[in-house]
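**Student:** Provided below: structure.txt, containing compact mmCIF, C-alpha atoms.
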```txt
# COMPACT_ATOMS: atom_id res chain seq x y z
CA MET I 238 9.00 27.96 46.28
CA ARG I 239 5.25 27.43 46.26
CA LEU I 240 5.38 26.52 42.58
CA LEU I 241 8.06 23.93 43.29
CA ARG I 242 5.84 22.41 45.99
CA LEU I 243 2.99 22.41 43.50
CA ASP I 244 5.20 20.63 40.93
CA ARG I 245 6.22 17.99 43.47
CA TYR I 246 2.61 17.48 44.51
CA ILE I 247 1.38 16.96 40.95
CA LEU I 248 4.42 14.85 40.03
CA LYS I 249 3.82 12.55 43.01
CA ILE I 250 0.19 11.92 42.02
CA ALA I 251 1.03 11.35 38.34
CA ALA I 252 4.11 9.19 39.02
CA VAL I 253 2.31 6.90 41.46
CA ALA I 254 -0.59 6.50 39.05
CA ALA I 255 1.77 5.78 36.14
CA ILE I 256 3.73 3.16 38.11
CA VAL I 257 0.57 1.43 39.35
CA LEU I 258 -0.91 1.38 35.85
CA LEU I 259 2.34 0.16 34.28
CA ILE I 260 2.73 -2.66 36.79
CA GLY I 261 -0.95 -3.59 36.61
CA LEU I 262 -1.27 -3.62 32.82
CA THR I 263 2.09 -5.36 32.35
CA SER I 264 1.20 -8.03 34.90
CA VAL I 265 -2.16 -8.79 33.28
CA ILE I 266 -0.69 -9.11 29.78
CA TRP I 267 2.34 -11.02 31.07
CA VAL I 268 0.11 -13.58 32.78
CA THR I 269 -1.89 -14.13 29.58
CA GLN I 270 1.36 -14.67 27.65
CA ALA I 271 2.81 -16.90 30.35
CA LEU I 272 -0.21 -19.20 30.16
CA ARG I 273 0.63 -19.86 26.51
CA GLU I 274 4.08 -21.13 27.55
CA VAL I 275 2.75 -23.77 29.95
CA ASP I 276 3.66 -26.31 27.26
CA LEU I 277 7.29 -25.85 28.32
CA ILE I 278 6.44 -27.75 31.51
CA THR I 279 3.67 -30.08 30.39
CA GLY I 280 4.93 -30.92 26.89
CA LYS I 281 8.68 -30.26 26.89
CA GLY I 282 9.55 -31.37 30.40
CA GLN I 283 11.19 -28.12 31.56
CA THR I 284 11.48 -26.75 35.08
CA ILE I 285 9.59 -23.87 36.67
CA TYR I 286 12.83 -21.85 36.55
CA ILE I 287 13.08 -22.23 32.75
CA PHE I 288 9.38 -21.42 32.42
CA PHE I 289 9.68 -18.13 34.31
CA THR I 290 12.95 -17.24 32.55
CA VAL I 291 11.34 -17.64 29.13
CA THR I 292 8.28 -15.61 30.07
CA LEU I 293 10.25 -12.87 31.87
CA LEU I 294 12.44 -12.29 28.80
CA SER I 295 9.34 -10.90 27.06
CA LEU I 296 8.85 -8.22 29.73
CA PRO I 297 11.03 -5.51 28.07
CA ALA I 298 8.84 -5.62 24.96
CA LEU I 299 5.70 -5.37 27.10
CA ILE I 300 7.06 -2.45 29.12
CA ALA I 301 8.11 -0.56 25.98
CA GLY I 302 4.62 -0.92 24.53
CA ILE I 303 2.61 -0.31 27.70
CA ALA I 304 4.60 2.57 29.27
CA PRO I 305 3.29 5.29 26.86
CA VAL I 306 -0.29 4.14 27.44
CA ALA I 307 0.23 4.06 31.22
CA LEU I 308 1.62 7.61 31.07
CA PHE I 309 -1.38 8.77 29.04
CA MET I 310 -3.85 7.20 31.48
CA SER I 311 -2.03 8.58 34.53
CA THR I 312 -2.08 12.09 33.02
CA LEU I 313 -5.82 11.83 32.43
CA TYR I 314 -6.34 10.51 35.96
CA THR I 315 -4.23 13.24 37.60
CA LEU I 316 -5.83 16.13 35.72
CA ASN I 317 -9.33 14.75 36.24
CA ARG I 318 -8.65 14.34 39.96
CA LEU I 319 -7.25 17.88 40.28
CA ASN I 320 -10.26 19.29 38.48
CA GLY I 321 -12.71 17.16 40.46
CA ASP I 322 -11.26 18.50 43.73
CA SER I 323 -11.43 22.06 42.30
CA GLU I 324 -7.65 22.36 42.58
CA LEU I 325 -7.27 23.33 38.93
CA ILE I 326 -9.80 26.12 39.44
CA VAL I 327 -7.86 27.42 42.47
CA MET I 328 -4.58 27.29 40.55
CA ASN I 329 -6.15 29.16 37.66
CA ALA I 330 -7.55 31.78 40.01
CA ALA I 331 -4.09 32.15 41.59
CA GLY I 332 -2.67 33.06 38.18
CA VAL I 333 -1.02 29.76 37.28
CA ALA I 334 -1.28 29.41 33.51
CA PRO I 335 -2.37 26.01 32.15
CA TYR I 336 0.88 25.48 30.25
CA ARG I 337 2.82 26.12 33.50
CA LEU I 338 1.28 22.94 34.93
CA THR I 339 2.98 20.86 32.25
CA ARG I 340 6.33 21.00 34.11
CA PRO I 341 5.78 18.00 36.42
CA PHE I 342 4.23 16.04 33.56
CA ILE I 343 7.20 16.85 31.33
CA VAL I 344 9.57 15.50 34.00
CA LEU I 345 7.57 12.26 34.19
CA THR I 346 7.34 12.08 30.39
CA LEU I 347 11.09 12.46 29.93
CA ALA I 348 11.66 9.66 32.43
CA THR I 349 9.15 7.48 30.56
CA SER I 350 10.72 8.29 27.19
CA LEU I 351 14.16 7.36 28.52
CA LEU I 352 12.73 4.09 29.86
CA VAL I 353 11.02 3.29 26.56
CA GLY I 354 14.11 4.22 24.56
CA TRP I 355 16.36 2.10 26.77
CA MET I 356 14.00 -0.86 26.50
CA ALA I 357 13.50 -0.56 22.73
CA ILE I 358 17.09 0.21 21.76
CA SER I 359 19.08 -1.92 24.20
CA VAL I 360 17.15 -4.28 26.49
CA MET I 361 14.59 -5.70 24.04
CA PRO I 362 17.14 -6.95 21.46
CA ALA I 363 19.24 -8.50 24.24
CA GLY I 364 16.14 -10.17 25.66
CA PHE I 365 15.05 -11.58 22.32
CA ARG I 366 18.56 -12.85 21.64
CA ALA I 367 18.77 -14.49 25.07
CA LEU I 368 15.34 -16.01 24.48
CA ARG I 369 16.51 -17.41 21.13
CA ASP I 370 19.56 -19.01 22.78
CA LEU I 371 17.49 -20.39 25.64
CA ILE I 372 14.93 -21.89 23.29
CA THR I 373 17.83 -23.58 21.48
CA LEU I 374 18.96 -25.20 24.74
CA ILE I 375 15.38 -26.22 25.51
CA ARG I 376 15.07 -27.77 22.06
CA ALA I 377 18.34 -29.67 22.48
CA ASP I 378 17.24 -30.98 25.86
CA PHE I 379 13.85 -31.84 24.41
CA VAL I 380 15.41 -33.83 21.55
CA ALA I 381 17.95 -35.61 23.78
CA ASN I 382 15.94 -36.36 26.91
CA VAL I 383 12.21 -35.76 26.48
CA VAL I 384 11.19 -37.15 23.08
CA LYS I 385 10.27 -40.80 23.44
CA GLU I 386 11.21 -43.62 21.12
CA GLY I 387 8.94 -44.05 18.11
CA GLN I 388 7.11 -40.73 18.59
CA PHE I 389 6.64 -38.07 15.91
CA VAL I 390 6.82 -34.67 17.63
CA SER I 391 6.77 -31.06 16.44
CA LEU I 392 9.84 -29.01 17.39
CA ASP I 393 8.59 -25.81 15.69
CA SER I 394 5.99 -24.89 13.14
CA GLY I 395 6.77 -27.10 10.16
CA VAL I 396 9.54 -29.18 11.80
CA THR I 397 8.77 -32.82 12.74
CA PHE I 398 11.27 -35.08 14.56
CA HIS I 399 11.35 -38.86 15.12
CA TYR I 400 13.85 -41.51 16.15
CA ARG I 401 13.51 -45.28 16.31
CA GLU I 402 15.34 -46.11 19.55
CA ARG I 403 18.02 -44.92 21.98
CA SER I 404 21.43 -46.50 22.56
CA GLY I 405 23.22 -44.79 25.44
CA ASP I 406 23.43 -41.10 24.56
CA ALA I 407 22.91 -41.80 20.85
CA LEU I 408 19.62 -41.73 18.93
CA LEU I 409 19.15 -44.40 16.25
CA GLY I 410 17.02 -44.22 13.12
CA ILE I 411 16.55 -40.45 12.99
CA PHE I 412 13.96 -38.84 10.73
CA MET I 413 13.35 -35.07 10.58
CA GLN I 414 11.09 -33.19 8.18
CA ASP I 415 11.50 -29.42 7.73
CA ARG I 416 8.59 -27.76 5.90
CA ARG I 417 9.07 -24.17 7.13
CA ASP I 418 9.96 -23.14 3.59
CA PRO I 419 7.03 -24.43 1.49
CA THR I 420 9.00 -23.93 -1.74
CA GLN I 421 11.83 -26.23 -0.62
CA PRO I 422 10.84 -28.82 2.02
CA SER I 423 13.67 -30.97 3.35
CA VAL I 424 13.88 -34.43 4.88
CA TYR I 425 16.85 -35.53 7.02
CA ILE I 426 17.42 -39.27 7.50
CA ALA I 427 20.36 -40.63 9.51
CA GLU I 428 21.37 -43.93 11.04
CA ARG I 429 22.34 -42.31 14.34
CA GLY I 430 22.87 -38.94 16.00
CA ARG I 431 23.47 -37.22 19.31
CA THR I 432 23.27 -33.69 20.71
CA VAL I 433 26.52 -31.86 21.53
CA GLU I 434 27.48 -28.41 22.80
CA SER I 435 30.07 -26.25 21.04
CA ASP I 436 30.82 -22.54 21.51
CA GLY I 437 27.55 -22.03 23.35
CA ASN I 438 25.50 -23.61 20.56
CA SER I 439 23.63 -26.92 20.52
CA PHE I 440 24.11 -29.25 17.57
CA LEU I 441 22.49 -32.47 16.49
CA MET I 442 25.39 -34.52 15.05
CA LEU I 443 23.98 -36.83 12.38
CA GLU I 444 25.95 -39.79 11.03
CA LYS I 445 25.55 -41.78 7.79
CA GLY I 446 22.43 -40.35 6.22
CA THR I 447 20.88 -38.30 3.46
CA ILE I 448 19.22 -34.92 2.96
CA GLN I 449 16.37 -34.79 0.48
CA ARG I 450 15.39 -31.34 -0.78
CA GLU I 451 12.41 -30.85 -3.06
CA ALA I 452 12.27 -27.71 -5.21
CA LYS I 453 8.56 -27.39 -5.97
CA ASN I 454 8.99 -24.54 -8.44
CA LYS I 455 11.37 -26.75 -10.46
CA GLU I 456 9.56 -30.04 -9.78
CA SER I 457 12.85 -31.70 -8.92
CA THR I 458 14.37 -33.41 -5.88
CA SER I 459 18.01 -33.43 -4.82
CA ILE I 460 19.47 -36.10 -2.52
CA ILE I 461 22.73 -35.42 -0.65
CA SER I 462 24.55 -38.22 1.17
CA PHE I 463 26.78 -37.51 4.15
CA GLU I 464 28.96 -39.33 6.64
CA ARG I 465 28.65 -36.65 9.34
CA TYR I 466 26.39 -33.61 9.38
CA ALA I 467 26.16 -31.01 12.16
CA LEU I 468 22.65 -29.61 12.34
CA ASN I 469 22.56 -26.42 14.42
CA LEU I 470 19.41 -26.52 16.55
CA SER I 471 19.47 -22.71 16.74
CA ALA I 472 18.52 -22.68 13.07
CA LEU I 473 15.21 -24.37 13.83
CA SER I 474 13.51 -21.23 15.14
CA GLY I 475 11.21 -20.11 12.39
CA GLU I 476 13.52 -18.80 9.64
CA PRO I 477 14.39 -21.34 6.93
CA THR I 478 18.13 -21.88 6.51
CA GLY I 479 20.25 -24.61 5.03
CA GLY I 480 23.60 -26.30 5.18
CA ASP I 481 26.07 -26.77 2.41
CA GLY I 482 25.81 -30.54 2.12
CA GLU I 483 29.44 -31.01 3.14
CA GLY I 484 28.85 -31.74 6.77
CA ASN I 485 28.44 -28.11 7.79
CA GLY I 486 25.13 -27.63 9.47
CA ASP I 487 22.65 -24.80 9.26
CA LYS I 488 24.18 -21.50 10.28
CA VAL I 489 22.54 -19.46 13.04
CA ILE I 490 20.96 -16.35 11.55
CA TYR I 491 19.60 -13.86 14.06
CA LYS I 492 16.43 -12.06 13.10
CA PRO I 493 16.34 -8.24 13.00
CA ARG I 494 14.62 -7.99 16.39
CA GLU I 495 17.40 -10.13 17.94
CA ARG I 496 20.23 -7.93 16.68
CA THR I 497 21.60 -4.95 18.58
CA THR I 498 20.71 -1.48 17.39
CA TRP I 499 24.39 -0.84 16.68
CA ALA I 500 24.46 -3.94 14.47
CA LEU I 501 21.40 -2.70 12.56
CA LEU I 502 23.03 0.70 12.06
CA ARG I 503 26.21 -0.95 10.73
CA GLN I 504 24.44 -3.69 8.80
CA ASP I 505 26.47 -5.33 6.03
CA PRO I 506 24.45 -4.77 2.81
CA ASN I 507 26.07 -7.85 1.23
CA GLU I 508 24.71 -10.28 3.83
CA ALA I 509 22.48 -12.84 2.11
CA TYR I 510 19.79 -12.75 4.80
CA TYR I 511 19.75 -8.94 4.73
CA LYS I 512 19.17 -8.97 0.96
CA LEU I 513 16.13 -11.18 1.49
CA GLN I 514 14.73 -9.23 4.46
CA ALA I 515 16.00 -5.67 3.98
CA GLY I 516 12.52 -4.28 4.68
CA ARG I 517 12.33 -5.98 8.08
CA PHE I 518 15.73 -4.62 9.04
CA ARG I 519 14.64 -1.10 8.07
CA ALA I 520 11.31 -1.35 9.90
CA GLU I 521 12.91 -2.75 13.07
CA LEU I 522 15.59 -0.05 13.24
CA HIS I 523 13.24 2.90 12.80
CA ASN I 524 10.58 1.40 15.06
CA ARG I 525 13.17 1.36 17.86
CA LEU I 526 14.46 4.88 17.17
CA SER I 527 10.97 6.42 17.02
CA ALA I 528 9.67 4.68 20.16
CA PRO I 529 10.70 7.46 22.66
CA LEU I 530 8.56 10.02 20.79
CA TYR I 531 5.24 8.35 21.61
CA PRO I 532 5.20 8.96 25.41
CA ILE I 533 5.68 12.68 24.71
CA ALA I 534 2.85 12.71 22.16
CA PHE I 535 0.44 10.79 24.40
CA MET I 536 1.07 12.95 27.46
CA LEU I 537 0.52 16.17 25.50
CA VAL I 538 -2.74 14.83 24.04
CA ALA I 539 -4.03 14.09 27.56
CA PHE I 540 -2.93 17.50 28.83
CA ALA I 541 -4.45 19.31 25.85
CA ALA I 542 -7.76 17.60 26.59
CA LEU I 543 -7.94 18.18 30.36
CA GLY I 544 -5.27 20.76 31.24
CA GLU I 545 -7.69 23.67 31.64
CA ALA I 546 -10.00 24.03 34.61
CA ARG I 547 -13.63 23.32 33.73
CA THR I 548 -16.89 22.85 35.55
CA THR I 549 -18.71 19.52 35.33
CA ARG I 550 -21.31 21.19 33.10
CA GLN I 551 -18.76 21.66 30.39
CA GLY I 552 -18.59 17.93 29.81
CA ARG I 553 -15.08 16.66 30.47
CA ASN I 554 -16.21 13.23 29.28
CA VAL I 555 -16.23 14.49 25.70
CA ALA I 556 -12.63 15.69 26.07
CA ILE I 557 -11.53 12.37 27.62
CA GLN I 558 -13.19 10.34 24.88
CA ALA I 559 -11.68 12.56 22.19
CA ALA I 560 -8.20 12.11 23.72
CA ILE I 561 -8.65 8.33 23.81
CA MET I 562 -9.75 8.35 20.16
CA ILE I 563 -6.72 10.40 19.10
CA VAL I 564 -4.23 8.22 21.02
CA GLY I 565 -5.87 5.08 19.65
CA ALA I 566 -5.66 6.45 16.11
CA VAL I 567 -1.98 7.37 16.54
CA ARG I 568 -1.14 3.93 17.97
CA ILE I 569 -2.98 2.12 15.16
CA GLY I 570 -1.40 4.42 12.59
CA ALA I 571 2.07 3.70 14.03
CA TYR I 572 1.48 -0.03 13.81
CA ALA I 573 0.26 0.33 10.23
CA ALA I 574 3.29 2.48 9.36
CA TRP I 575 5.63 -0.08 10.93
CA THR I 576 4.01 -2.86 8.88
CA ALA I 577 4.09 -0.79 5.69
CA SER I 578 7.73 0.21 6.21
CA VAL I 579 8.70 -3.42 5.60
CA ARG I 580 7.62 -2.93 1.99
CA SER I 581 8.13 0.82 1.49
CA GLY I 582 10.88 3.13 2.65
CA PHE I 583 8.46 6.06 2.49
CA ALA I 584 6.35 4.58 5.30
CA VAL I 585 9.34 4.96 7.63
CA VAL I 586 8.70 8.71 7.63
CA LEU I 587 5.26 8.10 9.14
CA LEU I 588 6.81 6.43 12.20
CA TYR I 589 8.32 9.82 13.09
CA LEU I 590 5.70 12.06 11.49
CA LEU I 591 2.74 10.68 13.46
CA PRO I 592 4.11 11.49 16.95
CA LEU I 593 5.73 14.76 15.83
CA VAL I 594 2.51 16.09 14.29
CA THR I 595 0.60 15.00 17.40
CA ILE I 596 3.14 16.80 19.60
CA MET I 597 2.88 20.03 17.58
CA CYS I 598 -0.92 20.03 17.45
CA SER I 599 -1.24 19.26 21.16
CA THR I 600 1.28 21.97 22.06
CA ALA I 601 -0.65 24.49 19.96
CA LEU I 602 -3.87 23.51 21.72
CA ILE I 603 -2.24 23.89 25.15
CA MET I 604 -0.82 27.33 24.30
CA PHE I 605 -3.85 28.66 22.40
CA GLY I 606 -6.62 26.49 23.79
CA ALA I 607 -9.00 29.31 24.58
CA SER I 608 -9.54 30.07 20.89
CA LEU I 609 -9.11 26.56 19.43
CA ARG I 610 -11.04 24.41 21.92
CA PRO I 611 -14.59 25.62 21.08
CA ARG I 612 -14.05 24.70 17.44
CA LEU I 613 -12.70 21.27 18.35
CA ASN I 614 -15.63 20.62 20.69
CA LYS I 615 -17.99 21.29 17.79
CA LEU I 616 -16.00 18.83 15.69
CA PHE I 617 -15.66 15.95 18.17
CA GLU I 618 -18.92 16.18 20.13
CA PRO I 619 -21.22 14.94 17.31
CA ILE I 620 -18.79 12.10 16.53
CA ILE I 621 -18.57 10.97 20.15
CA LEU I 622 -22.32 11.20 20.67
CA SER I 623 -22.87 9.08 17.55
CA LEU I 624 -20.38 6.46 18.77
CA SER I 625 -21.95 6.42 22.23
CA ALA I 626 -25.39 5.79 20.76
CA LEU I 627 -24.13 3.04 18.44
CA PRO I 628 -24.46 0.11 20.92
CA SER I 629 -28.10 0.92 21.71
CA ARG I 630 -28.89 1.20 17.99
CA LEU I 631 -27.30 -2.19 17.37
CA ARG I 632 -29.33 -3.77 20.19
CA ARG I 633 -32.56 -2.38 18.76
CA ALA I 634 -31.61 -3.65 15.31
```
How does the structure come out when it is put into structure tokens?

**Tutor:**
Amino acid sequence: MRLLRLDRYILKIAAVAAIVLLIGLTSVIWVTQALREVDLITGKGQTIYIFFTVTLLSLPALIAGIAPVALFMSTLYTLNRLNGDSELIVMNAAGVAPYRLTRPFIVLTLATSLLVGWMAISVMPAGFRALRDLITLIRADFVANVVKEGQFVSLDSGVTFHYRERSGDALLGIFMQDRRDPTQPSVYIAERGRTVESDGNSFLMLEKGTIQREAKNKESTSIISFERYALNLSALSGEPTGGDGEGNGDKVIYKPRERTTWALLRQDPNEAYYKLQAGRFRAELHNRLSAPLYPIAFMLVAFAALGEARTTRQGRNVAIQAAIMIVGAVRIGAYAAWTASVRSGFAVVLLYLLPLVTIMCSTALIMFGASLRPRLNKLFEPIILSLSALPSRLRRA
């Protein structure tokens, strides 16, 4: 009964710290990202509601990335507080083994892993897809109602739009240049056009015009004439696509991060876009599936560093700094493995291997810390002291 009270006491401290850190860190990063979207109001004439909707759809990705770090920091904070108040020493004297104290942290870690897994596997793809659709509507509204006559404006990186004048709901003298694919830039010219909605998608219906496509590697230009051409505005989102020249506009192709995890697992290998970006599909899928392992690894690193009772003379700062270095190295290594897995299937193994090795090493240190910790202190202490003295050396230089 007393141990259950002890578990609840520790869990309360750690959970409150984790929630406060998660909310605080997420809010700070969200605000910095939101400031970059101010152009939605100032440049694209959108409402405050649209502005907050666009910025809030990025929250699942932020939470999935920040939650493991918040858990790590809350574990360090809780253990440091318990040791500073001599509570760890009392527990140790009462016969509570260090590994026994992991129970409340394991409960919090499992909850965090479930949250991260839910965000990465389900919520994030849905958010990115909703963001893609919303940006399409914003772009259609921008083309139809915000762009002024005679102006050349940028819709996306590499896409420039212009029309001569407006006649009712129609735009006259349309010119659009698409240079997102540097090997095949395209120019759309039409006498008139208007935006329409169909099946939840926004189209720019062009009438009586031409499409000029320049193949730089072949040093040739093709010109296609059309009477009507439906240009899907969803296609103007960063990935180059093209129509068939028969009045069928650019087809919407969702990026790997915008597809559901189930769709990635059942991906059609014959899809043209998949053949071009197979590495991105592979990296995205395994990055999602490996995400729940990192909260477990980070919590165990923090507990391995501070889980045992120590006096202030034993230098807990060295242990804290070593834990931060290890977590930072694992996080950087995971990002590097994710990037490399786009090009190499072997790098996918590292996405799972990094957290699993960290979990095993941290568990060994927690179980057999009395014999292993002195050797690790000898290893990390000179490195940390050298890094701590680096700023003063640079100032003197």

**Student:** Taking 3 positions as the minimum chain separation for residues in the same chain, which residues sit within 7 Å of Glu451 of chain I when counting all atoms listed in the file? Answer as a PyMOL selection string.

**Tutor:** chain I and resi 421-423+457-459

**Student:** Rounded to one decimal, what separation in Å do you get between atom CA of Ala541 of chain I and atom CA of Ile266 of chain I?

**Tutor:**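 A separation of 28.9 Å between them.
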
**Student:** Just want the 9 Å neighbourhood of segment 584-589 of chain I, counted on only C-alpha atoms, with same-chain residues fewer than 5 positions away dropped. Output as a PyMOL selection string.

**Tutor:** chain I and resi 519-520+523-524+526-528+530+570-579+594

**Student:** Any idea what's packed within 12 Å of Gly302 of chain I, counting only C-alpha atoms, ignoring anything in its chain fewer than 3 positions away? Could you give it as a ChimeraX atom specification?

**Tutor:** /I:259,262-263,266,295-299,305-308,349-350,352-354,356-357,361,524-525,528-529,531-532,568,571-572

**Student:** Keeping C-alpha atoms, export the residues of the selection given above as an mmCIF file, keeping the file's coordinate frame.

**Tutor:**
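Dumped everything to out-v1.cif:
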```
data_model
loop_
_atom_site.group_PDB
_atom_site.id
_atom_site.type_symbol
_atom_site.label_atom_id
_atom_site.label_comp_id
_atom_site.auth_asym_id
_atom_site.auth_seq_id
_atom_site.Cartn_x
_atom_site.Cartn_y
_atom_site.Cartn_z
ATOM 1 C CA LEU I 259 2.340 0.160 34.280
ATOM 2 C CA LEU I 262 -1.270 -3.620 32.820
ATOM 3 C CA THR I 263 2.090 -5.360 32.350
ATOM 4 C CA ILE I 266 -0.690 -9.110 29.780
ATOM 5 C CA SER I 295 9.340 -10.900 27.060
ATOM 6 C CA LEU I 296 8.850 -8.220 29.730
ATOM 7 C CA PRO I 297 11.030 -5.510 28.070
ATOM 8 C CA ALA I 298 8.840 -5.620 24.960
ATOM 9 C CA LEU I 299 5.700 -5.370 27.100
ATOM 10 C CA PRO I 305 3.290 5.290 26.860
ATOM 11 C CA VAL I 306 -0.290 4.140 27.440
ATOM 12 C CA ALA I 307 0.230 4.060 31.220
ATOM 13 C CA LEU I 308 1.620 7.610 31.070
ATOM 14 C CA THR I 349 9.150 7.480 30.560
ATOM 15 C CA SER I 350 10.720 8.290 27.190
ATOM 16 C CA LEU I 352 12.730 4.090 29.860
ATOM 17 C CA VAL I 353 11.020 3.290 26.560
ATOM 18 C CA GLY I 354 14.110 4.220 24.560
ATOM 19 C CA MET I 356 14.000 -0.860 26.500
ATOM 20 C CA ALA I 357 13.500 -0.560 22.730
ATOM 21 C CA MET I 361 14.590 -5.700 24.040
ATOM 22 C CA ASN I 524 10.580 1.400 15.060
ATOM 23 C CA ARG I 525 13.170 1.360 17.860
ATOM 24 C CA ALA I 528 9.670 4.680 20.160
ATOM 25 C CA PRO I 529 10.700 7.460 22.660
ATOM 26 C CA TYR I 531 5.240 8.350 21.610
ATOM 27 C CA PRO I 532 5.200 8.960 25.410
ATOM 28 C CA ARG I 568 -1.140 3.930 17.970
ATOM 29 C CA ALA I 571 2.070 3.700 14.030
ATOM 30 C CA TYR I 572 1.480 -0.030 13.810
#
```

**Student:** One decimal, in Å: what's the spacing between atom CA of Leu325 of chain I and atom CA of Cys598 of chain I?

**Tutor:**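 Atom CA of Cys598 of chain I lies 22.6 Å from atom CA of Leu325 of chain I.
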
**Student:** For Asn317 of chain I, list every protein, DNA or RNA residue within 10 Å, evaluated using all atoms listed in the file, and leave out those in the same chain fewer than 6 positions away; present the list as a list in words.

**Tutor:**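 The residues satisfying every condition are Ser311, Ser323, Leu325, Leu543, Gly544, Ala546, Arg547, Arg553, Asn554 and Ile557 of chain I.
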
**Student:** So how many Å separate atom CA of Ala301 of chain I and atom CA of Leu345 of chain I, to one decimal?

**Tutor:**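 Taking atom CA of Ala301 of chain I as the start and atom CA of Leu345 of chain I as the end point, the length is 15.2 Å.
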
**Student:** Determine, counting only C-alpha atoms, which protein, DNA and RNA residues have an atom within 9 Å of an atom of Pro341 of chain I; residues of the same chain fewer than 5 positions away are not included. Present the result as a list in words.

**Tutor:**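 Listed by chain and then number, they are Leu243, Asp244, Arg245, Tyr246, Ile247, Leu248, Lys249, Ala251 and Thr346 of chain I.
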
**Student:** Between I:Val555, I:Leu368, I:Ile490, I:Ile343, which is the closest to Phe540 of chain I once you count all atoms listed in the file?

**Tutor:**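 Of all the options, I:Ile343 lies closest to Phe540 of chain I.
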
**Student:** May I ask which of the residues I:Val291, I:Ile563, I:Met604, I:Ala304 is the closest one to Ile256 of chain I, counting all atoms listed in the file?

**Tutor:**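 That would be I:Ala304, the residue with the smallest distance to Ile256 of chain I.
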
**Student:** The residues within 7 Å of (25.4, -40.1, 6.3), using all atoms listed in the file and the coordinates of the file, should be reported as a list in words; which are they?

**Tutor:**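 Residues with an atom at most 7 Å from (25.4, -40.1, 6.3): Ala427, Glu444, Lys445, Gly446, Thr447, Ser462, Phe463, Glu464 and Arg465 of chain I.
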
**Student:** Which is closer to Ile561 of chain I than all the others in I:Leu313, I:Arg369, I:Leu294, I:Leu590, using all atoms listed in the file?

**Tutor:** I:Leu313

**Student:** When you count only C-alpha atoms, which of these residues is closest to Trp499 of chain I: I:Ile603, I:Ala515, I:Ile260, I:Ala363?

**Tutor:**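 Closest candidate: I:Ala363.
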